[in-house]
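S.K.: Provided herewith is a single structure, encoded as structure tokens, for subsequent inquiry.
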Amino acid sequence: MSAMPDAGTLDARPFAEPAGAGVSAGRHTVGPNAIIQTRAALDQIAGAGARQAILAAAGLASLSERDPDGMVEADIVNALNGEIAARLDAATAAAVMERAGALTGDYILANRIPGAAKRLLALLPAPLARRMLIRAIAGNAWTFAGQAQIDTGADFIAINANPLCLGRSGFSSCIWHVAVFRRLFTALVDPAMTIHETECVGHGGEACRFGIVKA
Ligand SMILES: [Zn+2]
């Protein structure tokens, strides 16, 4: 048995307790999908050559073909996302982050949410299902926000001092969070749900706050 939890990023098992704390030696750690799915999105949108060059530039050549062994430090994810911003044009970089988020959402839906929970969410009225999914995501925030404090309400999730936000360096990496949440809420609550980042650490906010509302 490994002591390392087998964690997908944003491991939203609605009824499971968090399996570990998202912190190692005082630093934020997050689930490996923040590398694995971003790498896949690079392949799909920018091509294998660009993926190899970007991972090498980020100092992550060893992860170009091989998956991380377990949780990864947020700094590593930020290095990868920073090179995506630096080496791709803005529209392509945004498309990669959005695809990476959608792929992460697909992974969570396929592997991390039990069928019984999916069936329950489908039966509940949408506002109740939304609240339940928000709570489940907050309970698993250690997989995508490390030890950051999470605040939630009926229609938002906020990540205080979001460790995966590159906004201060000029790149809206939170496109990734929006895409993950959109995938989950449109699949599990209502296809008409929309996600908007209404406050961002990268733009002077204290938290990255994601509004979750029906369009
Ligand atoms: Zn943000």
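Letters A, B, ... mark the chains of the structure tokens in the order given; residue numbers begin at 1 per chain; ligand numbers begin at 1, in order shown.
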I'd like the neighbourhood of Met193 in chain A as a ChimeraX atom specification, where a residue qualifies if any of its atoms comes within 10 Å (using only C-alpha atoms), though same-chain residues fewer than 6 positions away should be ignored.
M.R.: /A:126,130,181-187,212-215
S.K.: Export, as a PDB file, in the first residue's frame, the selected residues with N, CA and C atoms.
M.R.:
```
ATOM      1  N   ALA A 126     -31.934  20.858  -9.327  1.00  0.00           N
ATOM      2  CA  ALA A 126     -30.637  21.422  -9.713  1.00  0.00           C
ATOM      3  C   ALA A 126     -29.997  22.290  -8.632  1.00  0.00           C
ATOM      4  N   ARG A 130     -26.394  21.376  -7.190  1.00  0.00           N
ATOM      5  CA  ARG A 130     -25.282  22.339  -7.299  1.00  0.00           C
ATOM      6  C   ARG A 130     -24.598  22.517  -5.945  1.00  0.00           C
ATOM      7  N   PHE A 181     -14.520  23.154 -13.708  1.00  0.00           N
ATOM      8  CA  PHE A 181     -15.822  23.304 -13.042  1.00  0.00           C
ATOM      9  C   PHE A 181     -16.952  23.224 -14.064  1.00  0.00           C
ATOM     10  N   ARG A 182     -16.774  23.834 -15.230  1.00  0.00           N
ATOM     11  CA  ARG A 182     -17.830  23.801 -16.240  1.00  0.00           C
ATOM     12  C   ARG A 182     -18.146  22.365 -16.629  1.00  0.00           C
ATOM     13  N   ARG A 183     -17.113  21.580 -16.828  1.00  0.00           N
ATOM     14  CA  ARG A 183     -17.327  20.189 -17.228  1.00  0.00           C
ATOM     15  C   ARG A 183     -18.141  19.439 -16.170  1.00  0.00           C
ATOM     16  N   LEU A 184     -17.788  19.643 -14.906  1.00  0.00           N
ATOM     17  CA  LEU A 184     -18.461  18.920 -13.826  1.00  0.00           C
ATOM     18  C   LEU A 184     -19.902  19.391 -13.644  1.00  0.00           C
ATOM     19  N   PHE A 185     -20.099  20.698 -13.614  1.00  0.00           N
ATOM     20  CA  PHE A 185     -21.453  21.197 -13.321  1.00  0.00           C
ATOM     21  C   PHE A 185     -22.397  20.994 -14.501  1.00  0.00           C
ATOM     22  N   THR A 186     -21.896  21.102 -15.733  1.00  0.00           N
ATOM     23  CA  THR A 186     -22.804  20.866 -16.868  1.00  0.00           C
ATOM     24  C   THR A 186     -23.141  19.386 -16.983  1.00  0.00           C
ATOM     25  N   ALA A 187     -22.213  18.507 -16.595  1.00  0.00           N
ATOM     26  CA  ALA A 187     -22.483  17.069 -16.696  1.00  0.00           C
ATOM     27  C   ALA A 187     -23.353  16.573 -15.544  1.00  0.00           C
ATOM     28  N   ILE A 212     -20.971  30.138 -10.106  1.00  0.00           N
ATOM     29  CA  ILE A 212     -21.566  28.969 -10.747  1.00  0.00           C
ATOM     30  C   ILE A 212     -23.063  29.215 -10.833  1.00  0.00           C
ATOM     31  N   VAL A 213     -23.515  29.616 -12.020  1.00  0.00           N
ATOM     32  CA  VAL A 213     -24.907  30.044 -12.151  1.00  0.00           C
ATOM     33  C   VAL A 213     -25.527  29.403 -13.384  1.00  0.00           C
ATOM     34  N   LYS A 214     -26.834  29.431 -13.418  1.00  0.00           N
ATOM     35  CA  LYS A 214     -27.529  28.933 -14.597  1.00  0.00           C
ATOM     36  C   LYS A 214     -27.617  30.055 -15.617  1.00  0.00           C
ATOM     37  N   ALA A 215     -27.251  29.758 -16.861  1.00  0.00           N
ATOM     38  CA  ALA A 215     -27.209  30.785 -17.904  1.00  0.00           C
ATOM     39  C   ALA A 215     -28.605  31.346 -18.142  1.00  0.00           C
TER      40      ALA A 215
END
```
S.K.: As an MDAnalysis selection string, which residues of chain A does DSSP assign to alpha helix (DSSP H)?
M.R.: chainID A and resid 33:45 48:57 74:87 90:111 115:123 126:139 142:145 175:188
S.K.: Quick one: contact table of chain A to ligand 1, 9 Å max, nearest atom pair and distance in Å to one decimal per residue, counting only C-alpha atoms and all ligand atoms, chain and number order, as a Markdown table?
M.R.:
```
| residue | atom | partner | partner_atom_place_in_ligand_line | distance |
| --- | --- | --- | --- | --- |
| A:Ile159 | CA | ligand 1 | 1 (Zn) | 8.4 |
| A:Ala161 | CA | ligand 1 | 1 (Zn) | 8.8 |
| A:Asn162 | CA | ligand 1 | 1 (Zn) | 6.8 |
| A:Leu164 | CA | ligand 1 | 1 (Zn) | 8.0 |
| A:Cys165 | CA | ligand 1 | 1 (Zn) | 5.2 |
| A:Leu166 | CA | ligand 1 | 1 (Zn) | 7.5 |
| A:Gly167 | CA | ligand 1 | 1 (Zn) | 6.3 |
| A:Ser172 | CA | ligand 1 | 1 (Zn) | 6.8 |
| A:Ser173 | CA | ligand 1 | 1 (Zn) | 7.0 |
| A:Cys174 | CA | ligand 1 | 1 (Zn) | 4.7 |
| A:Ile175 | CA | ligand 1 | 1 (Zn) | 8.1 |
| A:His177 | CA | ligand 1 | 1 (Zn) | 8.3 |
| A:Glu197 | CA | ligand 1 | 1 (Zn) | 6.8 |
| A:Thr198 | CA | ligand 1 | 1 (Zn) | 8.7 |
| A:Glu199 | CA | ligand 1 | 1 (Zn) | 6.8 |
| A:Cys200 | CA | ligand 1 | 1 (Zn) | 3.7 |
| A:Val201 | CA | ligand 1 | 1 (Zn) | 5.2 |
| A:Gly202 | CA | ligand 1 | 1 (Zn) | 5.7 |
| A:His203 | CA | ligand 1 | 1 (Zn) | 7.6 |
| A:Gly205 | CA | ligand 1 | 1 (Zn) | 8.3 |
| A:Ala207 | CA | ligand 1 | 1 (Zn) | 7.2 |
| A:Cys208 | CA | ligand 1 | 1 (Zn) | 4.2 |
| A:Arg209 | CA | ligand 1 | 1 (Zn) | 7.1 |
| A:Phe210 | CA | ligand 1 | 1 (Zn) | 8.5 |
```
S.K.: Here is a test: counting only C-alpha atoms, which residue of A:Glu73, A:Glu83, A:Asp155, A:Asp190 is nearest to Ala56 in chain A?
M.R.: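 When distances to Ala56 in chain A are compared using only C-alpha atoms, the smallest one comes from A:Glu83.
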S.K.: Set the distance at 10 Å and use only C-alpha atoms: which residues neighbour Arg87 in chain A once local chain neighbours fewer than 3 positions away are removed? I'd like the list as a ChimeraX atom specification.
M.R.: /A:50,53-54,57,82-84,90,92-93
S.K.: With N, CA and C atoms kept, could you save the residues just selected as a JSON list (two decimals), in the first residue's frame?
M.R.:
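Generated file (part24.json):
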```json
[["chain", "number", "residue", "atom", "x", "y", "z"],
["A", 50, "ALA", "N", 5.93, 20.92, -29.91],
["A", 50, "ALA", "CA", 5.74, 22.05, -28.99],
["A", 50, "ALA", "C", 5.63, 21.56, -27.55],
["A", 53, "ALA", "N", 9.14, 20.83, -26.31],
["A", 53, "ALA", "CA", 9.91, 22.06, -26.10],
["A", 53, "ALA", "C", 9.44, 22.80, -24.86],
["A", 54, "ILE", "N", 8.13, 22.84, -24.65],
["A", 54, "ILE", "CA", 7.57, 23.57, -23.51],
["A", 54, "ILE", "C", 7.92, 22.87, -22.20],
["A", 57, "ALA", "N", 11.58, 23.51, -21.52],
["A", 57, "ALA", "CA", 11.83, 24.88, -21.09],
["A", 57, "ALA", "C", 11.38, 25.09, -19.64],
["A", 82, "GLY", "N", 3.43, 28.67, -17.15],
["A", 82, "GLY", "CA", 4.16, 29.88, -17.54],
["A", 82, "GLY", "C", 4.84, 29.73, -18.89],
["A", 83, "GLU", "N", 5.39, 28.56, -19.15],
["A", 83, "GLU", "CA", 6.02, 28.33, -20.46],
["A", 83, "GLU", "C", 4.97, 28.24, -21.57],
["A", 84, "ILE", "N", 3.80, 27.71, -21.26],
["A", 84, "ILE", "CA", 2.71, 27.70, -22.24],
["A", 84, "ILE", "C", 2.37, 29.13, -22.64],
["A", 90, "ALA", "N", -1.37, 34.02, -27.54],
["A", 90, "ALA", "CA", -2.33, 34.12, -26.43],
["A", 90, "ALA", "C", -3.55, 33.23, -26.66],
["A", 92, "THR", "N", -3.83, 30.51, -28.50],
["A", 92, "THR", "CA", -3.48, 29.09, -28.41],
["A", 92, "THR", "C", -3.23, 28.69, -26.97],
["A", 93, "ALA", "N", -2.53, 29.55, -26.23],
["A", 93, "ALA", "CA", -2.26, 29.25, -24.82],
["A", 93, "ALA", "C", -3.58, 29.12, -24.04]]
```
S.K.: If you run DSSP on the backbone here, which positions in range 16-92 of chain A get strand (DSSP E)? Please write them as a list in words.
M.R.: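 Those in range 16-92 of chain A that DSSP calls strand (DSSP E) are Val23, Ser24, Arg27, His28, Thr29, Val30, Val72 and Glu73 of chain A.
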S.K.: Please determine, counting only C-alpha atoms, which residue among A:Ser169, A:Thr152, A:Gln52, A:Asn33 has the shortest atom-to-atom distance to Pro68 in chain A.
M.R.: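 Distance minimum relative to Pro68 in chain A lands on A:Asn33.
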S.K.: Rounded to one decimal place, report the CA of Asp89 in chain A-CA of His196 in chain A distance in Å.
M.R.: 22.7 Å
S.K.: Quick one: everything within 12 Å of Leu120 in chain A, counting only C-alpha atoms, minus sequence neighbours fewer than 2 positions away in the same chain. Send it as a PyMOL selection string.
M.R.: chain A and resi 14-15+113-118+122-126+128-130+132-133+188-189
S.K.: Record the distance separating CA of Gly105 in chain A and CA of Ala158 in chain A, expressed in Å with one decimal.
M.R.: 18.0 Å
S.K.: If we count only C-alpha atoms, what is near Gln37 in chain A at a cut-off of 6 Å, once residues fewer than 4 positions away on the same chain are taken out, given as a count of residues only?
M.R.: 4
S.K.: Could you please determine the separation between CA of Arg131 in chain A and CA of Met97 in chain A in Å, to one decimal place?
M.R.: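 Spanning CA of Arg131 in chain A to CA of Met97 in chain A is a straight-line distance of 25.9 Å.
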S.K.: Which one is closest to Ala61 in chain A: A:Gly170, A:Pro163, A:Gln44, A:Leu80? Count only C-alpha atoms.
M.R.: A:Leu80
S.K.: Select, from A:Val96, A:Val30, A:Ala91, A:Ile76, the residue with the minimum atom-to-atom distance to Thr143 in chain A, counting only C-alpha atoms.
M.R.: A:Val30
S.K.: Residues at most 8 Å from Val77 in chain A, counting only C-alpha atoms, excluding those fewer than 5 positions away in the same chain, as a list of chain:residue names?
M.R.: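 Selected residues are A:Ala34, A:Ile35, A:Val72, A:Leu164.
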S.K.: Keeping N, CA and C atoms, export the residues of the selection given above as a PDB file, in the first residue's frame.
M.R.:
```pdb
ATOM      1  N   ALA A  34      -2.926  17.996 -13.210  1.00  0.00           N
ATOM      2  CA  ALA A  34      -2.537  19.345 -13.616  1.00  0.00           C
ATOM      3  C   ALA A  34      -1.324  19.313 -14.551  1.00  0.00           C
ATOM      4  N   ILE A  35      -0.586  18.202 -14.558  1.00  0.00           N
ATOM      5  CA  ILE A  35       0.481  17.982 -15.540  1.00  0.00           C
ATOM      6  C   ILE A  35      -0.028  17.074 -16.664  1.00  0.00           C
ATOM      7  N   VAL A  72       2.036  16.636  -7.149  1.00  0.00           N
ATOM      8  CA  VAL A  72       3.111  17.480  -7.683  1.00  0.00           C
ATOM      9  C   VAL A  72       3.044  18.851  -7.006  1.00  0.00           C
ATOM     10  N   LEU A 164      -2.435  28.186  -7.846  1.00  0.00           N
ATOM     11  CA  LEU A 164      -2.275  27.899  -9.277  1.00  0.00           C
ATOM     12  C   LEU A 164      -2.750  29.059 -10.133  1.00  0.00           C
TER      13      LEU A 164
END
```
S.K.: Here is a test: counting only C-alpha atoms, which residue of A:Ile157, A:Ala192, A:Val178, A:Leu121 is nearest to Arg135 in chain A?
M.R.: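 So, comparing all the options, the nearest one is A:Ile157.
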